[in-house]
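Enquirer: Following this message is one structure expressed as structure tokens.
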Amino acid sequence: TTETFNVNASASATTVCSGGSVNLNVNATVGSGVKSYSWTGPASFTATTTNPVLSNVSVSNSGTYTVTVEGNSGCTTTATVGITVNPIPTTNKAIEFCEGSTTILEVTGYTNATYSWNTSATTSSISVSTAGAYTVNITEASGCKSVQVFNVTQNPKAATVVTGATAFCSDASTQLTINAGVTSGQTYLWTGPNGFSSTSQTVSITQEGTYTVKV
């Protein structure tokens with residue numbers, strides 16, 4: 001007697017991100033009726049149900065899944081479905097900030113995700129004041145995972161040398177210059193008495209008082 005089989009294996013997704021889930025499914029029509037199902041696959045996967053679930057998948061779960069269907073007659077047949085699990089994507093970002101200050105590292109572009117930083121923080125953004133590599137593991141609501149690495153460099157404070165006379169006659173003025181040898185790559189903001197303000201490297205001073213320059 002010839003047994004009649006009509007068997008099809010499928011998956012809810014044949015390409016999935018690391019950390020996600022996949023539902024396998026088999027539709028089987030057997031002339032004598034179905035006696036059993038037996039699934040095998042990568043990473044020692046086995047199951048005996050019609051629709052087993054692969055949860056929190058990784059690259060090791062990629063490959064071919066085979067279901068063997070046995071009829072009540074004792075005859076068997078097989079069907080297969082292929083699954084590809086993409087590796088966890090990692091992105092690197094370079095961040096620079098000045099010595100003595102802080103900078104904000106922020107993850108954007110995700111909705112309802114959870115975050116796990118190597119600083120133990122669990123927020124989407126953190127404030128840092130030291131150089132180093134800051135890593136955040138991101139898990140989306142779907143279970144998909146990704147990693148972002150912030151490579152943070154702390155630049156030293158700019159050297160500041162003011163030249164010029166700091167004493168002058170009441171009917172005269174004095175010239176003050178910040179970092180006289182620097183010709184490019186810096187900006188300046190002078191402030192002083194009576195609303196004095198300038199962004200020049202060299203300023204002319206006509207009033208006594210305290211003058212501050214930020215580089």
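Every chain in the structure tokens has a letter given in the order shown (A, B, ...), and although residue numbers restart at 1 in each chain, ligands are simply numbered from 1 in the order shown.
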Would you tabulate, counting only C-alpha atoms, all residues of region 151-171 of chain A that have an atom at most 6 Å from an atom of region 98-115 of chain A, showing the closest pair of atoms and their distance in Å to one decimal, sorted by chain then ascending number, as CSV?

Expert:
```
residue,atom,partner,partner_atom,distance
A:Gln154,CA,A:Cys98,CA,5.5
A:Asn155,CA,A:Cys98,CA,4.8
A:Pro156,CA,A:Glu99,CA,5.1
A:Lys157,CA,A:Glu99,CA,5.6
```

Enquirer: Please write the residues from the selection above to a file, keeping N, CA and C atoms, as a JSON list (two decimals), in the first residue's frame.

Expert:
```
[["chain", "number", "residue", "atom", "x", "y", "z"],
["A", 154, "GLN", "N", 38.91, 62.98, 25.74],
["A", 154, "GLN", "CA", 38.87, 64.23, 26.48],
["A", 154, "GLN", "C", 40.06, 65.08, 26.07],
["A", 155, "ASN", "N", 39.77, 66.21, 25.43],
["A", 155, "ASN", "CA", 40.84, 67.10, 24.98],
["A", 155, "ASN", "C", 41.30, 68.00, 26.13],
["A", 156, "PRO", "N", 42.62, 68.22, 26.25],
["A", 156, "PRO", "CA", 43.12, 69.08, 27.33],
["A", 156, "PRO", "C", 42.67, 70.53, 27.13],
["A", 157, "LYS", "N", 42.62, 71.25, 28.23],
["A", 157, "LYS", "CA", 42.27, 72.66, 28.14],
["A", 157, "LYS", "C", 43.31, 73.41, 27.32]]
```

Enquirer: List as a JSON list (two decimals) with C-alpha atoms, in the first residue's frame the protein and nucleic acid residues near region 199-205 of chain A, meaning an atom at most 12 Å away when only C-alpha atoms are counted, but skip any in the same chain fewer than 4 places from it.

Expert:
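Everything below was put into result39.json:
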```json
[["chain", "number", "residue", "atom", "x", "y", "z"],
["A", 160, "THR", "CA", 46.18, 80.56, 27.96],
["A", 161, "VAL", "CA", 48.89, 83.19, 28.06],
["A", 162, "VAL", "CA", 47.93, 86.86, 28.16],
["A", 163, "THR", "CA", 50.57, 89.35, 27.13],
["A", 164, "GLY", "CA", 50.49, 93.14, 27.40],
["A", 165, "ALA", "CA", 50.85, 95.79, 30.06],
["A", 166, "THR", "CA", 48.44, 95.50, 32.96],
["A", 167, "ALA", "CA", 49.06, 99.07, 34.15],
["A", 168, "PHE", "CA", 48.60, 102.21, 32.10],
["A", 169, "CYS", "CA", 48.02, 105.94, 32.54],
["A", 170, "SER", "CA", 44.52, 107.28, 33.01],
["A", 171, "ASP", "CA", 44.53, 109.07, 29.64],
["A", 172, "ALA", "CA", 45.98, 106.11, 27.72],
["A", 173, "SER", "CA", 45.16, 102.46, 26.94],
["A", 174, "THR", "CA", 46.82, 99.09, 26.85],
["A", 175, "GLN", "CA", 46.74, 96.17, 24.44],
["A", 176, "LEU", "CA", 46.14, 92.66, 25.78],
["A", 177, "THR", "CA", 46.69, 89.61, 23.59],
["A", 178, "ILE", "CA", 45.72, 86.03, 24.36],
["A", 179, "ASN", "CA", 48.03, 83.27, 23.05],
["A", 180, "ALA", "CA", 50.00, 85.59, 20.77],
["A", 181, "GLY", "CA", 51.67, 82.72, 18.91],
["A", 182, "VAL", "CA", 48.41, 81.06, 17.86],
["A", 183, "THR", "CA", 47.16, 82.00, 14.39],
["A", 184, "SER", "CA", 44.20, 79.60, 13.96],
["A", 185, "GLY", "CA", 42.06, 76.93, 15.62],
["A", 186, "GLN", "CA", 40.92, 78.94, 18.64],
["A", 187, "THR", "CA", 38.06, 81.30, 19.43],
["A", 188, "TYR", "CA", 37.99, 83.90, 22.18],
["A", 189, "LEU", "CA", 35.49, 85.68, 24.36],
["A", 190, "TRP", "CA", 36.64, 88.59, 26.47],
["A", 191, "THR", "CA", 34.44, 90.15, 29.16],
["A", 192, "GLY", "CA", 35.12, 93.02, 31.49],
["A", 193, "PRO", "CA", 33.78, 96.09, 33.34],
["A", 194, "ASN", "CA", 30.79, 98.09, 32.09],
["A", 209, "GLY", "CA", 39.13, 96.36, 36.26],
["A", 210, "THR", "CA", 39.15, 92.60, 35.93],
["A", 211, "TYR", "CA", 39.07, 91.17, 32.42],
["A", 212, "THR", "CA", 38.32, 87.51, 31.69],
["A", 213, "VAL", "CA", 38.96, 85.63, 28.45],
["A", 214, "LYS", "CA", 37.61, 82.20, 27.54],
["A", 215, "VAL", "CA", 39.45, 80.19, 24.89]]
```

Enquirer: Can you pull out the residues contacting Asn25 (chain A)? Cut-off 7 Å, using only C-alpha atoms, and skip same-chain residues under 2 positions away; I want them as a VMD selection string.

Expert: chain A and resid 9 to 11 23 27 50 to 52

Enquirer: Generate a file of the selected residues that holds N, CA and C atoms, formatted as a short mmCIF file (atom, residue, chain, number, x, y, z; two decimals), in the first residue's frame.

Expert:
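After the write, out-v4.cif holds the following:
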```
data_model
loop_
_atom_site.label_atom_id
_atom_site.label_comp_id
_atom_site.auth_asym_id
_atom_site.auth_seq_id
_atom_site.Cartn_x
_atom_site.Cartn_y
_atom_site.Cartn_z
N ALA A 9 6.69 22.58 5.55
CA ALA A 9 7.27 23.25 6.73
C ALA A 9 7.45 24.72 6.41
N SER A 10 7.20 25.58 7.41
CA SER A 10 7.32 27.02 7.21
C SER A 10 7.78 27.68 8.51
N ALA A 11 8.06 28.97 8.42
CA ALA A 11 8.49 29.74 9.59
C ALA A 11 7.86 31.12 9.53
N ASN A 23 8.64 31.31 14.94
CA ASN A 23 7.69 30.22 15.08
C ASN A 23 7.84 29.28 13.89
N ASN A 27 2.42 21.84 8.30
CA ASN A 27 1.08 21.44 7.88
C ASN A 27 1.21 20.08 7.21
N THR A 50 3.75 20.59 16.48
CA THR A 50 3.59 21.08 15.11
C THR A 50 4.18 22.47 14.92
N ASN A 51 4.17 23.30 15.98
CA ASN A 51 4.65 24.68 15.83
C ASN A 51 5.56 25.08 16.99
N PRO A 52 6.76 24.53 17.05
CA PRO A 52 7.70 24.92 18.12
C PRO A 52 8.19 26.35 17.91
#
```

Enquirer: Kindly give the distance, in Å, that separates CA of Cys17 (chain A) and CA of Val81 (chain A), rounded to a single decimal.

Expert: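 Going from CA of Cys17 (chain A) over to CA of Val81 (chain A) covers 17.1 Å.
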
Enquirer: Residues near region 141-150 of chain A, anyone? I mean within 6 Å using only C-alpha atoms, not counting same-chain ones fewer than 2 positions away, as a ChimeraX atom specification.

Expert: /A:17-20,88-94,112-113,133-139,152

Enquirer: Can you write out the residues you just picked, keeping all heavy atoms, as a compact mmCIF listing (two decimals), in the first residue's frame?

Expert:
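That gives us part01.txt:
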```txt
# COMPACT_ATOMS: atom_id res chain seq x y z
N CYS A 17 16.58 38.88 13.50
CA CYS A 17 17.70 39.49 14.21
C CYS A 17 18.04 38.69 15.46
O CYS A 17 17.21 37.96 15.99
CB CYS A 17 17.37 40.92 14.59
SG CYS A 17 15.89 41.07 15.61
N SER A 18 19.28 38.80 15.89
CA SER A 18 19.69 38.16 17.13
C SER A 18 18.83 38.66 18.29
O SER A 18 18.58 39.86 18.42
CB SER A 18 21.16 38.46 17.42
OG SER A 18 22.00 37.84 16.50
N GLY A 19 18.38 37.71 19.11
CA GLY A 19 17.52 38.05 20.23
C GLY A 19 16.04 37.94 19.93
O GLY A 19 15.22 37.98 20.84
N GLY A 20 15.70 37.78 18.66
CA GLY A 20 14.30 37.66 18.28
C GLY A 20 13.77 36.24 18.43
O GLY A 20 14.43 35.36 18.96
N ILE A 88 24.47 40.31 15.95
CA ILE A 88 24.16 41.56 16.63
C ILE A 88 24.95 42.69 15.99
O ILE A 88 26.19 42.65 15.95
CB ILE A 88 24.49 41.47 18.13
CG1 ILE A 88 23.60 40.43 18.81
CG2 ILE A 88 24.34 42.82 18.81
CD1 ILE A 88 23.93 40.20 20.27
N PRO A 89 24.27 43.72 15.46
CA PRO A 89 25.01 44.82 14.83
C PRO A 89 25.67 45.72 15.88
O PRO A 89 25.09 46.00 16.93
CB PRO A 89 23.92 45.59 14.07
CG PRO A 89 22.67 45.29 14.82
CD PRO A 89 22.82 43.90 15.37
N THR A 90 26.90 46.12 15.61
CA THR A 90 27.63 47.02 16.51
C THR A 90 28.02 48.28 15.75
O THR A 90 28.60 48.20 14.66
CB THR A 90 28.89 46.33 17.06
OG1 THR A 90 28.51 45.17 17.80
CG2 THR A 90 29.67 47.27 17.97
N THR A 91 27.71 49.42 16.31
CA THR A 91 28.11 50.69 15.71
C THR A 91 29.04 51.42 16.66
O THR A 91 28.91 51.32 17.89
CB THR A 91 26.89 51.59 15.41
OG1 THR A 91 26.14 51.80 16.61
CG2 THR A 91 25.99 50.95 14.37
N ASN A 92 30.01 52.14 16.10
CA ASN A 92 30.99 52.88 16.88
C ASN A 92 30.85 54.37 16.60
O ASN A 92 30.71 54.79 15.45
CB ASN A 92 32.41 52.43 16.55
CG ASN A 92 32.71 51.03 17.05
OD1 ASN A 92 33.15 50.85 18.17
ND2 ASN A 92 32.46 50.04 16.21
N LYS A 93 30.87 55.16 17.66
CA LYS A 93 30.80 56.60 17.52
C LYS A 93 31.96 57.24 18.29
O LYS A 93 32.28 56.82 19.40
CB LYS A 93 29.47 57.13 18.06
CG LYS A 93 28.24 56.66 17.29
CD LYS A 93 26.97 57.29 17.83
CE LYS A 93 25.76 56.86 17.03
NZ LYS A 93 24.50 57.48 17.54
N ALA A 94 32.58 58.25 17.68
CA ALA A 94 33.67 58.97 18.32
C ALA A 94 33.14 60.28 18.89
O ALA A 94 32.47 61.05 18.19
CB ALA A 94 34.79 59.24 17.32
N ASN A 112 10.47 52.02 22.86
CA ASN A 112 10.19 50.95 23.84
C ASN A 112 11.34 49.96 23.96
O ASN A 112 11.13 48.74 24.09
CB ASN A 112 8.90 50.20 23.47
CG ASN A 112 7.68 51.10 23.50
OD1 ASN A 112 7.58 51.99 24.33
ND2 ASN A 112 6.76 50.88 22.57
N ALA A 113 12.56 50.46 23.89
CA ALA A 113 13.74 49.61 24.04
C ALA A 113 14.26 49.69 25.47
O ALA A 113 13.93 50.61 26.23
CB ALA A 113 14.83 50.04 23.07
N ALA A 133 35.91 54.00 26.62
CA ALA A 133 34.93 53.34 25.75
C ALA A 133 33.68 53.03 26.56
O ALA A 133 33.75 52.31 27.56
CB ALA A 133 35.51 52.08 25.15
N TYR A 134 32.56 53.56 26.14
CA TYR A 134 31.28 53.34 26.82
C TYR A 134 30.40 52.50 25.89
O TYR A 134 30.11 52.90 24.76
CB TYR A 134 30.61 54.67 27.15
CG TYR A 134 31.40 55.48 28.16
CD1 TYR A 134 32.44 56.31 27.75
CD2 TYR A 134 31.12 55.39 29.52
CE1 TYR A 134 33.18 57.04 28.68
CE2 TYR A 134 31.85 56.13 30.45
CZ TYR A 134 32.87 56.94 30.02
OH TYR A 134 33.60 57.66 30.94
N THR A 135 29.98 51.35 26.38
CA THR A 135 29.20 50.40 25.58
C THR A 135 27.79 50.27 26.13
O THR A 135 27.60 50.18 27.34
CB THR A 135 29.88 49.01 25.58
OG1 THR A 135 31.20 49.13 25.07
CG2 THR A 135 29.10 48.02 24.73
N VAL A 136 26.82 50.28 25.22
CA VAL A 136 25.43 50.09 25.62
C VAL A 136 24.82 48.96 24.79
O VAL A 136 24.94 48.94 23.56
CB VAL A 136 24.61 51.40 25.47
CG1 VAL A 136 24.70 51.97 24.07
CG2 VAL A 136 23.15 51.17 25.87
N ASN A 137 24.22 48.01 25.48
CA ASN A 137 23.48 46.93 24.83
C ASN A 137 22.01 47.32 24.76
O ASN A 137 21.41 47.66 25.79
CB ASN A 137 23.64 45.63 25.62
CG ASN A 137 25.06 45.11 25.57
OD1 ASN A 137 25.48 44.53 24.58
ND2 ASN A 137 25.81 45.30 26.65
N ILE A 138 21.45 47.26 23.57
CA ILE A 138 20.08 47.71 23.33
C ILE A 138 19.22 46.52 22.98
O ILE A 138 19.58 45.72 22.10
CB ILE A 138 20.05 48.73 22.17
CG1 ILE A 138 21.03 49.88 22.47
CG2 ILE A 138 18.64 49.25 21.94
CD1 ILE A 138 21.48 50.61 21.22
N THR A 139 18.08 46.40 23.66
CA THR A 139 17.13 45.33 23.36
C THR A 139 15.80 45.96 23.00
O THR A 139 15.19 46.66 23.81
CB THR A 139 16.95 44.38 24.55
OG1 THR A 139 18.22 43.84 24.93
CG2 THR A 139 16.01 43.23 24.19
N VAL A 152 35.15 57.84 23.69
CA VAL A 152 35.17 59.21 24.18
C VAL A 152 36.62 59.68 24.42
O VAL A 152 37.39 59.00 25.11
CB VAL A 152 34.36 59.34 25.49
CG1 VAL A 152 34.43 60.77 26.02
CG2 VAL A 152 32.91 58.93 25.24
```

Enquirer: Which is closer to Val57 (chain A) than all the others in A:Ser73, A:Ser125, A:Thr29, A:Asn86, using only C-alpha atoms?

Expert: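 Nearest candidate to Val57 (chain A) out of A:Ser73, A:Ser125, A:Thr29, A:Asn86: A:Asn86.
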
Enquirer: Looking only at the backbone, which of the residues in region 35-99 of chain A does DSSP tag as strand (DSSP E), as a ChimeraX atom specification?

Expert: /A:35-41,45-47,53-54,63-71,76-86,90-98

Enquirer: So how far away is CA of Thr123 (chain A) from CA of Glu96 (chain A), in Å?

Expert: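 Separating CA of Glu96 (chain A) from CA of Thr123 (chain A) is a distance of 21.0 Å.
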
Enquirer: Do you have the CA of Ser44 (chain A)-CA of Ala13 (chain A) distance handy?

Expert: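 Those two atoms sit 20.1 Å apart.
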